[in-house]
$ cat upload07.cif   # mmCIF, C-alpha atoms
data_my_file
loop_
_atom_site.label_atom_id
_atom_site.label_comp_id
_atom_site.auth_asym_id
_atom_site.auth_seq_id
_atom_site.Cartn_x
_atom_site.Cartn_y
_atom_site.Cartn_z
CA VAL A 9 -10.73 -9.17 -61.31
CA ALA A 10 -9.46 -12.51 -60.10
CA LYS A 11 -9.11 -13.00 -56.36
CA THR A 12 -5.58 -13.71 -55.23
CA SER A 13 -4.20 -14.36 -51.78
CA LEU A 14 -3.51 -10.65 -51.32
CA THR A 15 -6.84 -9.07 -52.42
CA SER A 16 -8.42 -9.17 -48.97
CA PRO A 17 -6.52 -8.75 -45.68
CA PRO A 18 -5.74 -11.96 -43.79
CA TRP A 19 -7.84 -11.04 -40.73
CA PRO A 20 -11.60 -11.80 -40.76
CA GLU A 21 -13.77 -8.89 -41.92
CA VAL A 22 -15.80 -7.32 -39.08
CA LYS A 23 -19.06 -5.47 -39.83
CA LEU A 24 -19.74 -2.59 -37.40
CA PRO A 25 -23.36 -2.36 -36.15
CA ASP A 26 -25.69 0.55 -36.89
CA PRO A 27 -24.74 3.70 -34.86
CA VAL A 28 -28.36 4.50 -33.92
CA GLU A 29 -28.94 1.01 -32.65
CA GLU A 30 -25.59 1.15 -30.87
CA ALA A 31 -26.64 4.37 -29.08
CA LYS A 32 -29.93 2.79 -27.96
CA TYR A 33 -28.11 -0.30 -26.73
CA HIS A 34 -25.60 1.85 -24.82
CA ALA A 35 -28.35 3.86 -23.12
CA GLU A 36 -30.14 0.68 -22.10
CA VAL A 37 -26.96 -0.84 -20.64
CA VAL A 38 -26.17 2.38 -18.76
CA GLN A 39 -29.66 2.48 -17.28
CA LYS A 40 -29.42 -1.13 -16.18
CA VAL A 41 -26.04 -0.58 -14.50
CA ASN A 42 -27.30 2.59 -12.80
CA GLY A 43 -30.29 0.66 -11.50
CA LEU A 44 -28.04 -2.10 -10.15
CA ILE A 45 -25.75 0.38 -8.38
CA SER A 46 -28.59 2.37 -6.79
CA ALA A 47 -30.32 -0.81 -5.68
CA GLY A 48 -27.07 -2.03 -4.15
CA HIS A 49 -26.91 -5.37 -5.96
CA TYR A 50 -23.15 -5.66 -5.83
CA GLY A 51 -20.95 -7.66 -3.47
CA ARG A 52 -17.24 -6.89 -3.22
CA LEU A 53 -15.86 -4.02 -5.25
CA PHE A 54 -12.33 -3.89 -6.54
CA ALA A 55 -10.58 -0.86 -8.02
CA VAL A 56 -7.39 -0.10 -9.93
CA VAL A 57 -5.80 3.01 -8.46
CA HIS A 58 -2.74 4.98 -9.58
CA PHE A 59 -0.84 5.91 -6.42
CA ALA A 60 2.82 6.72 -5.73
CA SER A 61 3.72 6.22 -9.42
CA LYS A 62 2.37 2.65 -9.34
CA GLN A 63 -0.95 1.06 -10.22
CA TRP A 64 -2.52 -1.14 -7.57
CA LYS A 65 -5.50 -3.46 -7.74
CA ILE A 66 -7.21 -3.01 -4.40
CA THR A 67 -10.29 -4.29 -2.58
CA SER A 68 -11.56 -3.21 0.81
CA GLU A 69 -9.55 -4.16 3.94
CA ASP A 70 -6.25 -4.83 2.29
CA LEU A 71 -2.72 -3.55 2.98
CA ILE A 72 -0.45 -1.54 0.69
CA MET A 73 3.11 -0.39 1.32
CA MET A 74 4.82 2.64 -0.25
CA ASP A 75 8.52 3.28 -0.39
CA ASN A 76 8.15 6.98 0.41
CA VAL A 77 6.95 9.40 3.07
CA LEU A 78 3.40 10.71 3.01
CA GLU A 79 2.62 14.01 4.66
CA ALA A 80 -0.26 12.54 6.66
CA GLU A 81 0.17 11.43 10.26
CA CYS A 82 -0.56 7.91 11.48
CA GLY A 83 -4.29 7.36 11.71
CA ASP A 84 -5.32 9.92 9.07
CA ARG A 85 -7.99 9.06 6.54
CA ILE A 86 -6.95 9.61 2.95
CA ARG A 87 -9.16 9.78 -0.13
CA MET A 88 -7.51 8.43 -3.27
CA GLU A 89 -8.28 10.06 -6.59
CA LYS A 90 -6.94 8.82 -9.93
CA VAL A 91 -9.12 5.72 -10.11
CA LEU A 92 -8.70 3.90 -13.43
CA LEU A 93 -11.12 0.99 -13.15
CA VAL A 94 -13.85 -0.18 -10.80
CA GLY A 95 -15.40 -3.62 -10.94
CA ALA A 96 -17.88 -5.82 -9.15
CA ASP A 97 -19.24 -9.29 -9.76
CA ASP A 98 -21.49 -8.51 -12.75
CA PHE A 99 -20.23 -5.21 -14.18
CA THR A 100 -17.07 -3.12 -14.54
CA LEU A 101 -16.68 0.61 -15.03
CA ILE A 102 -13.65 1.45 -17.16
CA GLY A 103 -12.32 5.00 -17.15
CA ARG A 104 -10.62 6.77 -20.09
CA PRO A 105 -8.13 7.01 -18.46
CA LEU A 106 -9.63 8.19 -15.15
CA LEU A 107 -13.08 7.86 -13.66
CA GLY A 108 -14.96 10.86 -12.29
CA LYS A 109 -14.70 11.83 -8.65
CA GLU A 110 -18.50 11.84 -8.29
CA LEU A 111 -18.60 8.18 -9.33
CA VAL A 112 -16.04 6.48 -7.10
CA ARG A 113 -14.68 7.11 -3.63
CA VAL A 114 -11.69 5.17 -2.27
CA GLU A 115 -10.76 5.75 1.37
CA ALA A 116 -7.61 4.59 3.13
CA THR A 117 -5.93 5.08 6.54
CA VAL A 118 -2.23 5.45 7.25
CA ILE A 119 -1.36 2.64 9.66
CA GLU A 120 2.35 2.91 10.23
CA LYS A 121 5.40 4.77 9.01
CA THR A 122 8.50 2.64 9.45
CA GLU A 123 11.82 2.17 7.76
CA SER A 124 12.75 -0.67 5.48
CA TRP A 125 15.23 -3.36 6.40
CA PRO A 126 18.84 -2.05 6.33
CA LYS A 127 20.19 -2.48 2.80
CA VAL A 128 23.91 -2.49 2.09
CA ASN A 129 25.20 -0.16 -0.64
CA MET A 130 28.82 -1.07 -1.39
CA ARG A 131 31.16 0.09 -4.12
CA PHE A 132 34.34 -1.84 -4.80
CA TRP A 133 36.99 -1.54 -7.50
CA ARG A 134 39.48 -4.34 -7.64
CA ARG A 135 43.22 -3.72 -7.55
CA HIS A 136 42.57 -0.02 -6.73
CA ASN A 137 42.18 -0.25 -2.98
CA TYR A 138 38.76 1.42 -3.18
CA GLN A 139 35.70 0.30 -1.29
CA ARG A 140 32.88 2.28 0.25
CA LYS A 141 30.16 0.75 2.38
CA ARG A 142 26.89 2.48 3.25
CA ILE A 143 23.77 1.17 4.96
CA ILE A 144 20.47 2.54 3.63
CA ALA A 145 17.06 2.27 5.33
CA ASN A 146 14.25 3.77 3.23
CA PRO A 147 11.24 5.22 4.96
CA GLN A 148 8.04 3.31 4.20
CA THR A 149 4.34 3.92 4.83
CA VAL A 150 1.67 1.25 5.22
CA LEU A 151 -1.91 2.05 4.20
CA ARG A 152 -5.03 0.04 4.75
CA ILE A 153 -7.87 0.51 2.24
CA ASN A 154 -11.06 1.01 4.23
CA THR A 155 -13.87 1.35 1.68
CA ILE A 156 -14.57 1.62 -2.02
CA GLU A 157 -17.93 3.24 -2.84
CA ILE A 158 -19.70 3.93 -6.10
CA TYR A 159 -22.58 6.30 -6.74
CA PRO A 160 -25.12 5.95 -9.59
CA CYS A 161 -24.23 9.01 -11.68
CA LEU A 162 -23.46 7.41 -15.03
CA SER A 163 -24.51 9.07 -18.26
CA ARG B 20 -10.52 3.48 13.97
CA TYR B 21 -6.79 3.52 14.45
CA VAL B 22 -4.89 1.92 17.32
CA ARG B 23 -1.28 2.92 17.85
CA GLN B 24 0.92 -0.14 18.05
CA LEU B 25 3.35 1.29 20.59
CA GLN B 26 2.58 0.32 24.16
CA ARG B 27 5.18 2.07 26.24
CA LEU B 28 8.48 3.85 25.89
CA GLN B 29 11.02 3.41 28.67
CA LEU B 30 13.89 5.85 28.93
CA LEU B 31 16.75 4.35 30.97
CA PHE B 32 19.65 6.65 31.65
CA SER B 33 21.94 7.68 34.50
CA PRO B 34 22.09 11.35 35.48
CA SER B 35 25.81 11.36 36.12
CA ALA B 36 27.08 9.77 32.89
CA ALA B 37 28.58 12.11 30.30
CA ASP B 38 27.05 10.46 27.24
CA ALA B 39 23.50 10.74 28.60
CA ARG B 40 23.49 14.54 28.23
CA GLY B 41 21.08 14.43 25.31
CA ALA B 42 18.76 12.17 27.27
CA ARG B 43 18.78 14.55 30.21
CA GLN B 44 18.03 17.55 27.96
CA PHE B 45 15.24 15.60 26.29
CA VAL B 46 13.71 14.81 29.67
CA GLU B 47 13.93 18.44 30.79
CA GLU B 48 12.56 20.06 27.64
CA ALA B 49 10.84 17.85 25.13
CA ALA B 50 9.46 14.91 27.06
CA GLN B 51 6.28 16.69 28.11
CA ASP B 52 5.55 17.94 24.60
CA PHE B 53 6.12 14.46 23.20
CA ALA B 54 3.82 12.89 25.77
CA ARG B 55 1.13 15.42 24.98
CA GLN B 56 1.39 14.93 21.24
CA HIS B 57 1.06 11.14 21.57
CA PRO B 58 -1.60 10.69 24.25
CA ASP B 59 -1.93 6.93 23.76
CA VAL B 60 1.74 6.18 24.46
CA VAL B 61 2.97 5.79 28.04
CA LEU B 62 6.40 7.29 28.67
CA TYR B 63 8.42 6.00 31.64
CA VAL B 64 11.55 7.84 32.71
CA SER B 65 13.74 5.81 35.09
CA PRO B 66 17.12 7.27 35.99
CA HIS B 67 19.49 4.82 37.68
CA SER B 68 22.21 6.65 39.60
CA GLY B 69 25.89 5.84 39.39
CA PRO B 70 27.89 4.37 36.48
CA GLY B 71 25.59 1.78 34.94
CA PRO B 72 24.70 0.45 31.47
CA ALA B 73 24.56 2.75 28.45
CA PRO B 74 21.51 5.03 28.06
CA VAL B 75 18.80 3.22 26.15
CA LEU B 76 15.33 4.04 24.80
CA ARG B 77 13.22 0.86 24.96
CA ALA B 78 9.97 0.56 22.99
CA GLU B 79 7.43 -2.20 23.67
CA TYR B 80 4.71 -2.97 21.16
CA LEU B 81 1.30 -4.59 21.38
CA ASN B 82 2.52 -7.87 19.91
CA GLY B 83 5.26 -8.22 22.52
CA THR B 84 8.35 -7.20 20.56
CA VAL B 85 10.80 -5.05 22.48
CA ARG B 86 13.11 -2.73 20.58
CA GLU B 87 16.06 -0.98 22.20
CA GLU B 88 17.86 1.97 20.70
CA LEU B 89 21.03 3.54 22.09
CA ILE B 90 20.78 7.25 22.85
CA ALA B 91 24.37 7.75 24.05
CA SER B 92 25.90 10.99 22.71
CA LYS B 93 22.81 12.06 20.76
CA THR B 94 21.26 15.50 20.85
CA SER B 95 17.78 16.14 22.13
CA GLU B 96 16.32 16.70 18.65
CA GLU B 97 17.67 13.39 17.41
CA ILE B 98 16.09 11.62 20.37
CA VAL B 99 12.78 13.31 19.55
CA GLN B 100 13.01 12.11 15.96
CA LEU B 101 13.89 8.59 17.11
CA ALA B 102 10.97 8.56 19.51
CA THR B 103 8.50 9.68 16.84
CA LYS B 104 9.85 7.07 14.45
CA LEU B 105 9.41 4.33 17.05
CA ALA B 106 5.95 5.61 17.87
CA ASN B 107 4.87 5.40 14.23
CA GLN B 108 6.16 1.85 13.81
CA SER B 109 4.40 -1.37 14.60
CA GLY B 110 5.99 -4.32 16.31
CA LEU B 111 6.64 -6.45 13.22
CA ASP B 112 10.22 -7.50 12.52
CA ILE B 113 12.07 -5.31 10.08
CA ILE B 114 13.10 -7.94 7.54
CA ARG B 115 12.78 -8.10 3.79
CA ILE B 116 9.12 -8.09 2.81
CA ARG B 117 8.49 -10.05 -0.37
CA LYS B 118 5.30 -8.31 -1.49
CA PRO B 119 4.31 -4.69 -0.86
CA PHE B 120 0.61 -5.63 -0.77
CA HIS B 121 -1.53 -8.13 1.09
CA THR B 122 -5.14 -9.06 0.35
CA ASP B 123 -7.47 -11.55 1.92
CA ASN B 124 -9.74 -11.67 -1.14
CA PRO B 125 -7.51 -11.52 -4.20
CA SER B 126 -10.16 -12.28 -6.84
CA VAL B 127 -13.57 -10.62 -7.13
CA GLN B 128 -14.85 -11.79 -10.50
CA GLY B 129 -13.40 -15.27 -10.21
CA GLN B 130 -9.76 -16.15 -10.76
CA TRP B 131 -8.63 -16.46 -14.36
CA HIS B 132 -7.89 -19.97 -15.62
CA PRO B 133 -7.03 -20.89 -19.21
CA LEU B 134 -10.61 -21.95 -19.97
CA THR B 135 -12.28 -18.59 -19.26
CA ASN B 136 -13.37 -16.58 -22.30
CA LYS B 137 -13.15 -19.60 -24.58
CA PRO B 138 -16.16 -21.04 -26.43
CA SER B 139 -17.37 -24.32 -25.07
CA ILE B 140 -16.46 -27.58 -26.86
CA LEU B 141 -20.08 -28.78 -26.77
CA THR B 142 -21.23 -26.31 -29.45
CA VAL B 143 -18.61 -27.40 -31.98
CA GLN B 144 -20.09 -29.22 -34.96
CA GLY B 145 -17.81 -31.96 -36.15
CA PRO B 146 -18.24 -34.93 -38.44
CA ARG B 147 -18.64 -37.32 -35.53
CA LEU B 148 -20.95 -35.21 -33.32
CA GLN B 149 -23.83 -34.98 -35.82
CA PRO B 150 -26.81 -37.17 -34.97
CA GLN B 151 -27.21 -40.14 -37.27
#

$ encode --input "upload07.cif" --output "structure tokens"
Amino acid sequence: VAKTSLTSPPWPEVKLPDPVEEAKYHAEVVQKVNGLISAGHYGRLFAVVHFASKQWKITSEDLIMMDNVLEAECGDRIRMEKVLLVGADDFTLIGRPLLGKELVRVEATVIEKTESWPKVNMRFWRRHNYQRKRIIANPQTVLRINTIEIYPCLS
Amino acid sequence: RYVRQLQRLQLLFSPSAADARGARQFVEEAAQDFARQHPDVVLYVSPHSGPGPAPVLRAEYLNGTVREELIASKTSEEIVQLATKLANQSGLDIIRIRKPFHTDNPSVQGQWHPLTNKPSILTVQGPRLQPQ
């Protein structure tokens, strides 16, 4: 049959590698990463955490502000679950969609609970003599991420 | 390690004014409980007799900012809530914050620039780069 422009799809054809070889390769990579983690050959760790309906990319010693009220008092240590991704200089651990709790530990402290700056909420209809003015100050919490730790329990 | 940013709370009121009733009730009932719950905050109560300025709760923070809140014609519970709110704050100005996060080290694996993840130009074989 003659080859026309529509016989093969326009994207380049990709050949998948052998599944047995793939499994061996995976095991080797996992062992290497486990060895690196247990030996402690990583510098700064960063993590992507789902918190307060938002995803944050956090490292240690950095500040985060929420637009809500947490039930913890000022100075409480909080452990964040729902970690999506953890990375270091040479390797990254990607979760589907979350990583296990035995793998990662993210700790944070509540620093302050303030209110936001006073925002003006005004409603005005023209030619109807209707205007309402209201000042809103949302409560906010500021967290500082203390540590991100990983443990070598990959499989 | 957590350090509370509030240094001291000064309660200025006059015992004979009518609008300082909430302040007087707060001092009688809730001031001791508040001081015990926040042991690292110093609470000063200074009544000035006679008709003077309006009753005020002044909060001083570790970075020097002083914040005054009026407590005239407020009940004791409202003053307690105000005091806890001031105690949980830090002394930064309450203005619009542009970013809700702050990092000192924003990039761990190196910041992305348009030349990452692209093959290098040196390995390209072209008609001119072949040795002659």

$ interface_residues --input "upload07.cif" --of "chain B" --to "chain A" --cutoff "6 Å" --atoms "only C-alpha atoms" --output "PyMOL selection string"
chain B and resi 21+107-108+113-115+119-122+128

$ resolve_selection --input "upload07.cif" --expression "the PyMOL selection byres ((chain B and resi 87) around 7)" --output "list in words"
Val75, Leu76, Arg77, Ala78, Val85, Arg86, Glu88 and Leu89 of chain B

$ resolve_selection --input "upload07.cif" --expression "the PyMOL selection byres ((chain A and resi 156) around 7)" --output "count of residues only"
8

$ atom_distance --input "upload07.cif" --atom1 "atom CA of B:Gly110" --atom2 "atom CA of B:Gly83"
7.4 Å

$ axis_aligned_box --input "upload07.cif" --around "stretch 33-48 of chain A" --padding-each-side "3 Å" --output "JSON"
{"center_x": -28.0, "center_y": 0.9, "center_z": -15.4, "size_x": 10.7, "size_y": 12.0, "size_z": 28.6}

$ atom_distance --input "upload07.cif" --atom1 "atom CA of B:Glu97" --atom2 "atom CA of B:Ile116"
27.3 Å

$ atom_distance --input "upload07.cif" --atom1 "atom CA of B:Pro72" --atom2 "atom CA of B:Asp38"
11.1 Å

$ residues_around --input "upload07.cif" --residues "B:Arg23" --least-positions-apart "2" --cutoff "8 Å" --atoms "only C-alpha atoms" --output "list in words"
Tyr21, Leu25, Gln26, Asp59, Val60, Ala106, Asn107 and Ser109 of chain B

$ residues_around --input "upload07.cif" --residues "A:Arg142" --least-positions-apart "2" --cutoff "12 Å" --atoms "all atoms listed in the file" --output "NGL selection string"
:A and (126-132 or 139-140 or 144-145)

$ resolve_selection --input "upload07.cif" --expression "the PyMOL selection byres ((chain B and resi 45-58) around 10)" --output "list in words"
Arg23, Leu30, Ala39, Arg40, Gly41, Ala42, Arg43, Gln44, Asp59, Val60, Val61, Leu62, Val64, Thr94, Ser95, Glu96, Glu97, Ile98, Val99, Ala102, Thr103 and Ala106 of chain B

$ residues_near_point --input "upload07.cif" --point "(-26.5, -0.8, -11.3)" --cutoff "12 Å" --atoms "all atoms listed in the file" --output "ChimeraX atom specification"
/A:36-51,95-101,158-162

$ build_atoms --input "upload07.cif" --residues "stretch 31-42 of chain A" --atoms "all heavy atoms" --output "PDB file, keeping the file's coordinate frame"
ATOM      1  N   ALA A  31     -26.349   3.360 -30.111  1.00  0.00           N
ATOM      2  CA  ALA A  31     -26.640   4.370 -29.080  1.00  0.00           C
ATOM      3  C   ALA A  31     -27.761   3.891 -28.164  1.00  0.00           C
ATOM      4  O   ALA A  31     -27.709   4.041 -26.942  1.00  0.00           O
ATOM      5  CB  ALA A  31     -27.004   5.699 -29.736  1.00  0.00           C
ATOM      6  N   LYS A  32     -28.806   3.292 -28.789  1.00  0.00           N
ATOM      7  CA  LYS A  32     -29.930   2.790 -27.960  1.00  0.00           C
ATOM      8  C   LYS A  32     -29.450   1.711 -27.009  1.00  0.00           C
ATOM      9  O   LYS A  32     -29.794   1.674 -25.826  1.00  0.00           O
ATOM     10  CB  LYS A  32     -31.003   2.190 -28.896  1.00  0.00           C
ATOM     11  CG  LYS A  32     -32.014   3.205 -29.388  1.00  0.00           C
ATOM     12  CD  LYS A  32     -33.235   2.499 -29.930  1.00  0.00           C
ATOM     13  CE  LYS A  32     -33.305   2.710 -31.424  1.00  0.00           C
ATOM     14  NZ  LYS A  32     -34.330   1.919 -32.093  1.00  0.00           N
ATOM     15  N   TYR A  33     -28.619   0.797 -27.550  1.00  0.00           N
ATOM     16  CA  TYR A  33     -28.110  -0.300 -26.730  1.00  0.00           C
ATOM     17  C   TYR A  33     -27.285   0.235 -25.557  1.00  0.00           C
ATOM     18  O   TYR A  33     -27.398  -0.215 -24.420  1.00  0.00           O
ATOM     19  CB  TYR A  33     -27.260  -1.209 -27.634  1.00  0.00           C
ATOM     20  CG  TYR A  33     -26.684  -2.406 -26.955  1.00  0.00           C
ATOM     21  CD1 TYR A  33     -27.499  -3.398 -26.432  1.00  0.00           C
ATOM     22  CD2 TYR A  33     -25.302  -2.547 -26.814  1.00  0.00           C
ATOM     23  CE1 TYR A  33     -26.974  -4.490 -25.799  1.00  0.00           C
ATOM     24  CE2 TYR A  33     -24.771  -3.636 -26.184  1.00  0.00           C
ATOM     25  CZ  TYR A  33     -25.614  -4.608 -25.680  1.00  0.00           C
ATOM     26  OH  TYR A  33     -25.071  -5.691 -25.047  1.00  0.00           O
ATOM     27  N   HIS A  34     -26.434   1.252 -25.881  1.00  0.00           N
ATOM     28  CA  HIS A  34     -25.600   1.850 -24.820  1.00  0.00           C
ATOM     29  C   HIS A  34     -26.464   2.441 -23.718  1.00  0.00           C
ATOM     30  O   HIS A  34     -26.206   2.233 -22.539  1.00  0.00           O
ATOM     31  CB  HIS A  34     -24.727   2.964 -25.421  1.00  0.00           C
ATOM     32  CG  HIS A  34     -23.536   2.461 -26.171  1.00  0.00           C
ATOM     33  ND1 HIS A  34     -22.866   1.311 -25.823  1.00  0.00           N
ATOM     34  CD2 HIS A  34     -22.896   2.952 -27.251  1.00  0.00           C
ATOM     35  CE1 HIS A  34     -21.878   1.113 -26.665  1.00  0.00           C
ATOM     36  NE2 HIS A  34     -21.857   2.095 -27.542  1.00  0.00           N
ATOM     37  N   ALA A  35     -27.498   3.212 -24.133  1.00  0.00           N
ATOM     38  CA  ALA A  35     -28.350   3.860 -23.120  1.00  0.00           C
ATOM     39  C   ALA A  35     -29.017   2.817 -22.246  1.00  0.00           C
ATOM     40  O   ALA A  35     -29.121   2.973 -21.018  1.00  0.00           O
ATOM     41  CB  ALA A  35     -29.395   4.739 -23.812  1.00  0.00           C
ATOM     42  N   GLU A  36     -29.455   1.716 -22.897  1.00  0.00           N
ATOM     43  CA  GLU A  36     -30.140   0.680 -22.100  1.00  0.00           C
ATOM     44  C   GLU A  36     -29.186   0.070 -21.088  1.00  0.00           C
ATOM     45  O   GLU A  36     -29.522  -0.124 -19.912  1.00  0.00           O
ATOM     46  CB  GLU A  36     -30.635  -0.416 -23.070  1.00  0.00           C
ATOM     47  CG  GLU A  36     -31.775  -1.228 -22.529  1.00  0.00           C
ATOM     48  CD  GLU A  36     -32.093  -2.371 -23.468  1.00  0.00           C
ATOM     49  OE1 GLU A  36     -32.424  -2.077 -24.625  1.00  0.00           O
ATOM     50  OE2 GLU A  36     -31.958  -3.527 -23.042  1.00  0.00           O
ATOM     51  N   VAL A  37     -27.941  -0.229 -21.552  1.00  0.00           N
ATOM     52  CA  VAL A  37     -26.960  -0.840 -20.640  1.00  0.00           C
ATOM     53  C   VAL A  37     -26.651   0.097 -19.479  1.00  0.00           C
ATOM     54  O   VAL A  37     -26.564  -0.325 -18.321  1.00  0.00           O
ATOM     55  CB  VAL A  37     -25.665  -1.197 -21.426  1.00  0.00           C
ATOM     56  CG1 VAL A  37     -24.542  -1.533 -20.476  1.00  0.00           C
ATOM     57  CG2 VAL A  37     -25.930  -2.363 -22.347  1.00  0.00           C
ATOM     58  N   VAL A  38     -26.488   1.413 -19.806  1.00  0.00           N
ATOM     59  CA  VAL A  38     -26.170   2.380 -18.760  1.00  0.00           C
ATOM     60  C   VAL A  38     -27.288   2.454 -17.732  1.00  0.00           C
ATOM     61  O   VAL A  38     -27.053   2.499 -16.524  1.00  0.00           O
ATOM     62  CB  VAL A  38     -25.897   3.765 -19.390  1.00  0.00           C
ATOM     63  CG1 VAL A  38     -25.990   4.863 -18.363  1.00  0.00           C
ATOM     64  CG2 VAL A  38     -24.525   3.781 -20.035  1.00  0.00           C
ATOM     65  N   GLN A  39     -28.528   2.424 -18.235  1.00  0.00           N
ATOM     66  CA  GLN A  39     -29.660   2.480 -17.280  1.00  0.00           C
ATOM     67  C   GLN A  39     -29.670   1.267 -16.377  1.00  0.00           C
ATOM     68  O   GLN A  39     -29.888   1.360 -15.168  1.00  0.00           O
ATOM     69  CB  GLN A  39     -30.974   2.509 -18.084  1.00  0.00           C
ATOM     70  CG  GLN A  39     -31.652   3.840 -18.066  1.00  0.00           C
ATOM     71  CD  GLN A  39     -33.033   3.722 -18.666  1.00  0.00           C
ATOM     72  OE1 GLN A  39     -33.568   2.634 -18.831  1.00  0.00           O
ATOM     73  NE2 GLN A  39     -33.588   4.848 -19.018  1.00  0.00           N
ATOM     74  N   LYS A  40     -29.413   0.100 -16.982  1.00  0.00           N
ATOM     75  CA  LYS A  40     -29.420  -1.130 -16.180  1.00  0.00           C
ATOM     76  C   LYS A  40     -28.371  -1.060 -15.074  1.00  0.00           C
ATOM     77  O   LYS A  40     -28.620  -1.398 -13.911  1.00  0.00           O
ATOM     78  CB  LYS A  40     -29.104  -2.324 -17.092  1.00  0.00           C
ATOM     79  CG  LYS A  40     -30.277  -3.190 -17.415  1.00  0.00           C
ATOM     80  CD  LYS A  40     -29.792  -4.501 -17.991  1.00  0.00           C
ATOM     81  CE  LYS A  40     -30.968  -5.299 -18.490  1.00  0.00           C
ATOM     82  NZ  LYS A  40     -30.548  -6.493 -19.202  1.00  0.00           N
ATOM     83  N   VAL A  41     -27.129  -0.619 -15.477  1.00  0.00           N
ATOM     84  CA  VAL A  41     -26.040  -0.580 -14.500  1.00  0.00           C
ATOM     85  C   VAL A  41     -26.344   0.420 -13.393  1.00  0.00           C
ATOM     86  O   VAL A  41     -26.095   0.170 -12.205  1.00  0.00           O
ATOM     87  CB  VAL A  41     -24.698  -0.260 -15.194  1.00  0.00           C
ATOM     88  CG1 VAL A  41     -23.597  -0.065 -14.185  1.00  0.00           C
ATOM     89  CG2 VAL A  41     -24.326  -1.383 -16.138  1.00  0.00           C
ATOM     90  N   ASN A  42     -26.903   1.596 -13.797  1.00  0.00           N
ATOM     91  CA  ASN A  42     -27.300   2.590 -12.800  1.00  0.00           C
ATOM     92  C   ASN A  42     -28.301   2.016 -11.812  1.00  0.00           C
ATOM     93  O   ASN A  42     -28.201   2.218 -10.589  1.00  0.00           O
ATOM     94  CB  ASN A  42     -27.942   3.799 -13.493  1.00  0.00           C
ATOM     95  CG  ASN A  42     -27.010   4.986 -13.514  1.00  0.00           C
ATOM     96  OD1 ASN A  42     -26.130   5.096 -12.675  1.00  0.00           O
ATOM     97  ND2 ASN A  42     -27.197   5.860 -14.481  1.00  0.00           N
TER      98      ASN A  42
END
